[in-house]
Amino acid sequence: MLTTRLSARNIAALGFMTFAMYLGAGNLIFPPFLGFQAGEQFLGGMAGFLLTGVGLPALALVMVAIVNGSDNLTAALPRPLATCFWVIVFIVIGPAFVIPRAITVAYQFSFAPFIGDAALVPFSSVFCIATIMFALFPGKLVDTLGKWLTPMLVVILSVLSVTAFLYPAGEVMSASGPYIDGAFAEGLTQGYMTMDALGSIGFGWIIFRAIQGMGVECPKATGKYILMAAMIYAVAMAVVYMSLAYIGSTSSNLGAEFTNGGDILTAFTSHHFGASGTVLLGMVMVLACLTTAIGVTTAGSEFYSRTFTKVTYGKSVWVAMVLAGLIANIGLEQLLAITLPVVVALHPIAIALLLIVPARKALAPAMVLVTVVTALVFGCVDAVHILGRMPVFWEQAFQQHLPLYSYFAGWIVPTVVAIGIGLLVSLMGARRAQVAVA
């Protein structure tokens with residue numbers, strides 16, 4: 001039955017589904033370590049982190065709503081190039097990067113503390129089968145994630161958050177490293193490095209399908225509900241991030257020099273809950289990784305089944321998860337070394353496509369292509385920089401002449417300039433055409 005209105009319960013479920021897809025293991029590990037390093041400056045650091053780590057993905061969903069679907073972001077590009085872009089995106093955020101890492105992280109925090117690596121293979125099998133069973137029914141995704149799995153995750157996270165604020169594990173520490181004098185800027189950089197904007201353009205496929213599955217076909221109403229889902233996601237994720245950062249900033253009595261947020265969360269849960277804390281944290285990680293795996297698998301399978309006539313949705317789900325399970329057990333480390341640069345290079349392209357949205361009607365298709373190529377070239381520069389493989393000569397040159405290079409965002413200024421030049425060229429071309437007609 002078609003409708004233009006959703007109940008408050010369905011809107012909340014849609015928002016929680018969106019929140020759950022973003023809340024992967026990395027999102028749980030980043031903030032505690034930020035809080036640990038920022039210490040007394042954690043509010044400034046988190047302000048920057050939330051701006052790029054939450055605001056940017058939320059803005060991406062808004063842009064997807066404006067163009068009425070993720071696939072329309074690449075409508076101005078040549079079809080083979082657009083298809084190639086989406087294929088690479090869904091391979092990277094699916095079986096080649098995100099899902100295998102989700103499997104191994106979920107295992108690391110659940111069974112590994114008790115039995116080591118002995119059960120990784122059976123755990124991977126169960127994890128993949130569970131993901132397949134949920135992903136095979138995309139029409140039920142709002143119920144699966146928004147009304148069942150996410151509420152369980154929220155309850156457990158709420159226990160950790162309330163415990164952190166009522167019974168902090170120590171005094172707020174002093175800031176260290178770049179957070180001493182530049183907490184906000186460092187927070188901006190760390191939020192950007194979550195790369196969640198790339199996930200946004202992929203998740204847009206699912207959110208549209210979910211809304212349509214609830215009977216809403218009107219583009220205007222669909223856009224409205226995507227905006228609502230983005231707001232619920234942003235508020236919920238901000239609360240989780242702030243709570244986790246506070247855990248890190250008050251971890252002075254946990255008795256260790258931490259090198260990552262996972263160790264901080266492990267020490268915190270053990271400090272307050274003993275052995276059961278390990279189980280509690282394991283449940284959080286498994287649920288967070290499972291919801292993310294379901295989301296990216298569903299998004300990729302939606303794309304493949306719509307784009308390639310010989311590919312069915314069900315087969316795509318199975319292939320993605322079988323590959324992810326094999327990679328998680330055989331060659332994850334080697335593959336991460338290859339796919340990480342690809343993720344870093346794709347992220348600027350995704351954001352460039354979002355920046356083009358407000359100017360999409362004025363920008364000629366050729367200039368859209370120029371903008372995307374510019375983002376790709378300088379995104380590759382940032383990828384080489386992040387990997388620490390930039391030759392000394394070029395490193396010095398970029399440090400001196402490329403704005404934001406030090407923050408791993410050297411692509412931004414050239415891409416914005418490309419959009420500006422593209423608008424100017426497009427407008428001049430339109431005026432010439434009008435004069436010619438007259």
# chains A, B, ... in the order shown; residues from 1 in each chain; ligands from 1
$ select_by_dssp --residues "stretch 116-183 of chain A" --states "alpha helix (DSSP H)" --output "MDAnalysis selection string"
chainID A and resid 120:135 141 150:166 179:183
$ write_last_selection --atoms "N, CA and C atoms" --output "short mmCIF file (atom, residue, chain, number, x, y, z; two decimals), in the first residue's frame"
data_model
loop_
_atom_site.label_atom_id
_atom_site.label_comp_id
_atom_site.auth_asym_id
_atom_site.auth_seq_id
_atom_site.Cartn_x
_atom_site.Cartn_y
_atom_site.Cartn_z
N LEU A 120 38.65 -18.95 14.88
CA LEU A 120 38.36 -17.90 13.89
C LEU A 120 37.57 -18.45 12.71
N VAL A 121 37.93 -19.65 12.24
CA VAL A 121 37.23 -20.21 11.07
C VAL A 121 35.75 -20.48 11.37
N PRO A 122 35.41 -21.21 12.44
CA PRO A 122 33.98 -21.40 12.71
C PRO A 122 33.26 -20.10 13.03
N PHE A 123 33.94 -19.17 13.73
CA PHE A 123 33.30 -17.88 14.01
C PHE A 123 32.99 -17.15 12.71
N SER A 124 33.96 -17.13 11.80
CA SER A 124 33.75 -16.47 10.51
C SER A 124 32.57 -17.08 9.76
N SER A 125 32.47 -18.40 9.81
CA SER A 125 31.38 -19.10 9.12
C SER A 125 30.02 -18.69 9.68
N VAL A 126 29.91 -18.68 11.02
CA VAL A 126 28.65 -18.29 11.66
C VAL A 126 28.33 -16.83 11.38
N PHE A 127 29.34 -15.97 11.46
CA PHE A 127 29.15 -14.54 11.20
C PHE A 127 28.65 -14.33 9.77
N CYS A 128 29.29 -14.99 8.81
CA CYS A 128 28.90 -14.82 7.40
C CYS A 128 27.50 -15.36 7.13
N ILE A 129 27.18 -16.50 7.73
CA ILE A 129 25.84 -17.07 7.53
C ILE A 129 24.78 -16.16 8.13
N ALA A 130 25.05 -15.60 9.32
CA ALA A 130 24.10 -14.68 9.94
C ALA A 130 23.90 -13.45 9.06
N THR A 131 24.98 -12.92 8.51
CA THR A 131 24.88 -11.76 7.61
C THR A 131 24.06 -12.10 6.38
N ILE A 132 24.32 -13.26 5.81
CA ILE A 132 23.57 -13.69 4.62
C ILE A 132 22.08 -13.81 4.92
N MET A 133 21.75 -14.44 6.04
CA MET A 133 20.34 -14.64 6.38
C MET A 133 19.60 -13.31 6.53
N PHE A 134 20.26 -12.31 7.12
CA PHE A 134 19.62 -11.00 7.26
C PHE A 134 19.60 -10.25 5.92
N ALA A 135 20.71 -10.30 5.18
CA ALA A 135 20.82 -9.53 3.94
C ALA A 135 19.93 -10.06 2.83
N LEU A 141 14.86 -5.09 6.28
CA LEU A 141 16.04 -4.52 6.90
C LEU A 141 15.70 -3.52 7.99
N THR A 150 19.65 -3.05 16.49
CA THR A 150 20.12 -1.75 16.99
C THR A 150 19.65 -1.47 18.41
N PRO A 151 18.40 -1.71 18.77
CA PRO A 151 18.01 -1.49 20.17
C PRO A 151 18.87 -2.30 21.15
N MET A 152 19.22 -3.53 20.79
CA MET A 152 20.11 -4.33 21.65
C MET A 152 21.46 -3.63 21.81
N LEU A 153 21.98 -3.14 20.69
CA LEU A 153 23.27 -2.45 20.71
C LEU A 153 23.19 -1.17 21.53
N VAL A 154 22.11 -0.43 21.37
CA VAL A 154 21.94 0.84 22.10
C VAL A 154 21.86 0.59 23.60
N VAL A 155 21.17 -0.47 24.01
CA VAL A 155 21.06 -0.77 25.45
C VAL A 155 22.43 -1.04 26.06
N ILE A 156 23.24 -1.85 25.37
CA ILE A 156 24.57 -2.17 25.89
C ILE A 156 25.45 -0.93 25.93
N LEU A 157 25.41 -0.13 24.86
CA LEU A 157 26.20 1.10 24.83
C LEU A 157 25.75 2.07 25.91
N SER A 158 24.45 2.09 26.19
CA SER A 158 23.93 2.97 27.25
C SER A 158 24.48 2.56 28.61
N VAL A 159 24.60 1.26 28.83
CA VAL A 159 25.19 0.78 30.09
C VAL A 159 26.62 1.28 30.23
N LEU A 160 27.40 1.18 29.17
CA LEU A 160 28.78 1.65 29.20
C LEU A 160 28.84 3.16 29.40
N SER A 161 27.96 3.89 28.73
CA SER A 161 27.97 5.36 28.81
C SER A 161 27.61 5.84 30.21
N VAL A 162 26.54 5.29 30.76
CA VAL A 162 26.11 5.70 32.10
C VAL A 162 27.19 5.36 33.13
N THR A 163 27.79 4.18 32.98
CA THR A 163 28.87 3.79 33.89
C THR A 163 30.04 4.76 33.80
N ALA A 164 30.38 5.17 32.58
CA ALA A 164 31.51 6.08 32.38
C ALA A 164 31.28 7.42 33.06
N PHE A 165 30.07 7.95 32.99
CA PHE A 165 29.79 9.26 33.57
C PHE A 165 29.58 9.20 35.08
N LEU A 166 28.99 8.12 35.57
CA LEU A 166 28.76 8.00 37.01
C LEU A 166 30.00 7.52 37.75
N TYR A 179 47.10 17.48 20.31
CA TYR A 179 45.91 17.97 20.99
C TYR A 179 46.22 19.08 22.00
N ILE A 180 47.49 19.27 22.33
CA ILE A 180 47.85 20.29 23.31
C ILE A 180 47.50 21.69 22.79
N ASP A 181 47.88 21.97 21.55
CA ASP A 181 47.65 23.30 20.99
C ASP A 181 46.67 23.31 19.82
N GLY A 182 46.33 22.14 19.30
CA GLY A 182 45.46 22.11 18.12
C GLY A 182 44.43 21.00 18.19
N ALA A 183 43.70 20.94 19.29
CA ALA A 183 42.73 19.85 19.49
C ALA A 183 41.65 19.84 18.41
#
$ residues_around --residues "A:Ala359" --least-positions-apart "4" --cutoff "10 Å" --atoms "only C-alpha atoms" --output "ChimeraX atom specification"
/A:354-355,363-364,368,419-420,422-423
$ closest_residue --among "A:Leu265, A:Leu73, A:Ala238, A:Ala175" --to "A:Phe109" --atoms "only C-alpha atoms"
A:Leu265
$ residues_around --residues "stretch 309-316 of chain A" --least-positions-apart "4" --cutoff "10 Å" --atoms "only C-alpha atoms" --output "VMD selection string"
chain A and resid 132 135 to 138 297 to 298 300 to 305 320 to 322
$ residues_around --residues "stretch 372-381 of chain A" --least-positions-apart "2" --cutoff "7 Å" --atoms "only C-alpha atoms" --output "ChimeraX atom specification"
/A:344-345,348-349,352,368-370,383-385,410-411,414-415
$ atom_distance --atom1 "atom CA of A:Met228" --atom2 "atom CA of A:Ile11"
7.4 Å
$ closest_residue --among "A:Leu149, A:Leu77, A:Leu353, A:Ala119" --to "A:Thr104" --atoms "only C-alpha atoms"
A:Ala119
$ residues_around --residues "stretch 92-103 of chain A" --least-positions-apart "5" --cutoff "6 Å" --atoms "only C-alpha atoms" --output "PyMOL selection string"
chain A and resi 289+293+296+320+323-324+328
